[in-house]
Amino acid sequence: MAAVKVSTYNGLRTVIKTDRHTWYADEAEAAGGMDTAADPEQQLLGAVGSCMVITVQLYARRKEWPLEKVEVELDIEKLNAADYPSYQGDAQYVYEVRERVTLHGDQLTDEQRARLMEISTKCPVRRILTSPTFFVHDAPQATR
């Protein structure tokens, strides 16, 4: 299981820790932060993009395909659900993630490229976001 601990560090800046790594998140100055680190939405997109890149790279390596590099660009936009043609539900908003995947490798065949593009949609982080996901709240812990 992937576990992280997040706590306030300075204003809106947070410190995020795992058993072996530490990184930070912050908000832009216009949002009340100090703009010292990527904001949480950027980090979420970074997690999805890095998972996509790693998944494609591992697949190509296992198949011994001549993939040289993978680049993923992601952007997210919050939209009014009533205005989104393919959504039929009760939510007030939907989020549209736009992606651009670039596969580098002159020796890749069209079939290999198509398969790698398909594999890019199957990374574990993306599956978390596109599958039913539930947040279970433990009882809050008070400190003195």
# chains A, B, ... in the order shown; residues from 1 in each chain; ligands from 1

call {"tool": "select_by_dssp", "arguments": {"residues": "range 25-140 of chain A", "states": "strand (DSSP E or B)", "output": "list in words"}}
result
Ala25, Lys69, Val70, Glu71, Val72, Glu73, Leu74, Asp75, Ile76, Glu77, Lys78, Leu79, Asn80, Tyr93, Val94, Tyr95, Glu96, Val97, Arg98, Glu99, Arg100, Val101, Thr102, Leu103 and His104 of chain A

call {"tool": "closest_atom_pairs", "arguments": {"of": "range 37-78 of chain A", "to": "range 14-17 of chain A", "cutoff": "12 Å", "atoms": "only C-alpha atoms", "output": "CSV"}}
result
residue,atom,partner,partner_atom,distance
A:Ala37,CA,A:Thr14,CA,9.2
A:Ala38,CA,A:Thr14,CA,10.6
A:Asp39,CA,A:Thr14,CA,9.8
A:Pro40,CA,A:Thr14,CA,9.8
A:Gln43,CA,A:Ile16,CA,11.3

call {"tool": "residues_around", "arguments": {"residues": "Arg115 in chain A", "least_positions_apart": "4", "cutoff": "10 Å", "atoms": "only C-alpha atoms", "output": "list in words"}}
result
Val56, Tyr59, Ala60, Thr109, Asp110, Glu111, Ile119 and Ser120 of chain A

call {"tool": "residues_around", "arguments": {"residues": "Lys63 in chain A", "least_positions_apart": "5", "cutoff": "12 Å", "atoms": "only C-alpha atoms", "output": "mmCIF file with N, CA and C atoms, in the first residue's frame"}}
result
data_model
loop_
_atom_site.group_PDB
_atom_site.id
_atom_site.type_symbol
_atom_site.label_atom_id
_atom_site.label_comp_id
_atom_site.auth_asym_id
_atom_site.auth_seq_id
_atom_site.Cartn_x
_atom_site.Cartn_y
_atom_site.Cartn_z
ATOM 1 N N VAL A 56 4.420 2.890 -19.892
ATOM 2 C CA VAL A 56 4.768 2.721 -21.308
ATOM 3 C C VAL A 56 6.221 2.264 -21.446
ATOM 4 N N GLN A 57 7.109 2.906 -20.699
ATOM 5 C CA GLN A 57 8.536 2.559 -20.784
ATOM 6 C C GLN A 57 8.778 1.109 -20.365
ATOM 7 N N LEU A 58 8.149 0.668 -19.279
ATOM 8 C CA LEU A 58 8.318 -0.718 -18.820
ATOM 9 C C LEU A 58 7.763 -1.717 -19.838
ATOM 10 N N LEU A 108 10.171 2.518 -34.169
ATOM 11 C CA LEU A 108 8.883 1.950 -33.767
ATOM 12 C C LEU A 108 7.965 1.810 -34.974
ATOM 13 N N GLN A 112 3.294 -0.865 -33.072
ATOM 14 C CA GLN A 112 3.898 -0.680 -31.752
ATOM 15 C C GLN A 112 3.459 0.651 -31.145
ATOM 16 N N ARG A 115 -0.103 0.347 -29.898
ATOM 17 C CA ARG A 115 -0.172 -0.450 -28.663
ATOM 18 C C ARG A 115 0.355 0.351 -27.478
ATOM 19 N N LEU A 116 1.437 1.089 -27.656
ATOM 20 C CA LEU A 116 1.989 1.895 -26.566
ATOM 21 C C LEU A 116 1.018 3.005 -26.161
#

call {"tool": "closest_residue", "arguments": {"among": "A:His137, A:Leu129, A:His21, A:Pro124", "to": "Thr55 in chain A", "atoms": "only C-alpha atoms"}}
result
A:Pro124

call {"tool": "select_by_dssp", "arguments": {"residues": "chain A", "states": "helix (DSSP H, G or I)", "output": "VMD selection string"}}
result
chain A and resid 29 to 31 40 to 63 81 to 83 110 to 120 124 to 130

call {"tool": "atom_distance", "arguments": {"atom1": "CA of Ala2 in chain A", "atom2": "CA of Ala47 in chain A"}}
result
12.8 Å

call {"tool": "residues_around", "arguments": {"residues": "range 94-102 of chain A", "least_positions_apart": "4", "cutoff": "6 Å", "atoms": "only C-alpha atoms", "output": "number ranges by chain"}}
result
A: 70-79, 81

call {"tool": "residues_around", "arguments": {"residues": "range 28-36 of chain A", "least_positions_apart": "3", "cutoff": "12 Å", "atoms": "only C-alpha atoms", "output": "ChimeraX atom specification"}}
result
/A:8-15,23-25,39-42

call {"tool": "residues_around", "arguments": {"residues": "Thr18 in chain A", "least_positions_apart": "4", "cutoff": "9 Å", "atoms": "only C-alpha atoms", "output": "list in words"}}
result
Ala2, Ala3, Val4, Lys5 and Thr22 of chain A

call {"tool": "write_last_selection", "arguments": {"atoms": "C-alpha atoms", "output": "compact mmCIF listing (two decimals), in the first residue's frame"}}
result
# COMPACT_ATOMS: atom_id res chain seq x y z
CA ALA A 2 1.23 3.48 -0.84
CA ALA A 3 1.15 5.69 2.24
CA VAL A 4 2.00 9.35 2.72
CA LYS A 5 1.78 11.76 5.62
CA THR A 22 10.00 14.15 1.28
